[in-house]
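Below is one structure, written out as structure tokens, with a few remarks after it.
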Amino acid sequence: MAAIGTLSVMSICTRCGAEFGCAMTDGAGEPCWCTSLPPAVAVPQEAVGCWCPACLRAHIAAHPSPPPATTH
């Protein structure tokens, strides 16, 4: 959460509307929680902005990344 004066700023999930903390928006000196998750490559075009942990985890689970290509 970013502190502006005495107010805290929360991110709003563009998928479900839930409030959640995002290190990118609050200017934290540490990586955001989402960097510990696998990359989500098939994110819909209408998905603008961040998703909350529950929505991002559900999307990743529903769209697993293909296994890495093997070389012969």
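Residue numbers start at 1 in each chain; chains themselves are named A, B, ... in the order of the structure tokens; ligands are numbered from 1 in the order shown.
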Report task. Mind checking which residues fall within 7 Å of range 15-22 of chain A, counting only C-alpha atoms, ignoring those fewer than 5 positions away in the same chain, and posting them as JSON, numbers by chain? Result -> {"A": [1, 10, 32, 51, 52]}
**Report entry** Atom pair CA of Thr25 in chain A / CA of Ser11 in chain A: separation (Å)
**Finding:** 7.3 Å
Query raised in the report: Out of A:Ala62, A:Arg57, A:Cys50, A:Thr14, which residue has the shortest atom-to-atom distance to Pro38 in chain A when counting only C-alpha atoms?
Result: A:Arg57
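Minimum distance to Ile12 in chain A across A:Pro53, A:Cys34, A:Pro39, A:Gly27 (counting only C-alpha atoms) occurs at A:Pro53.
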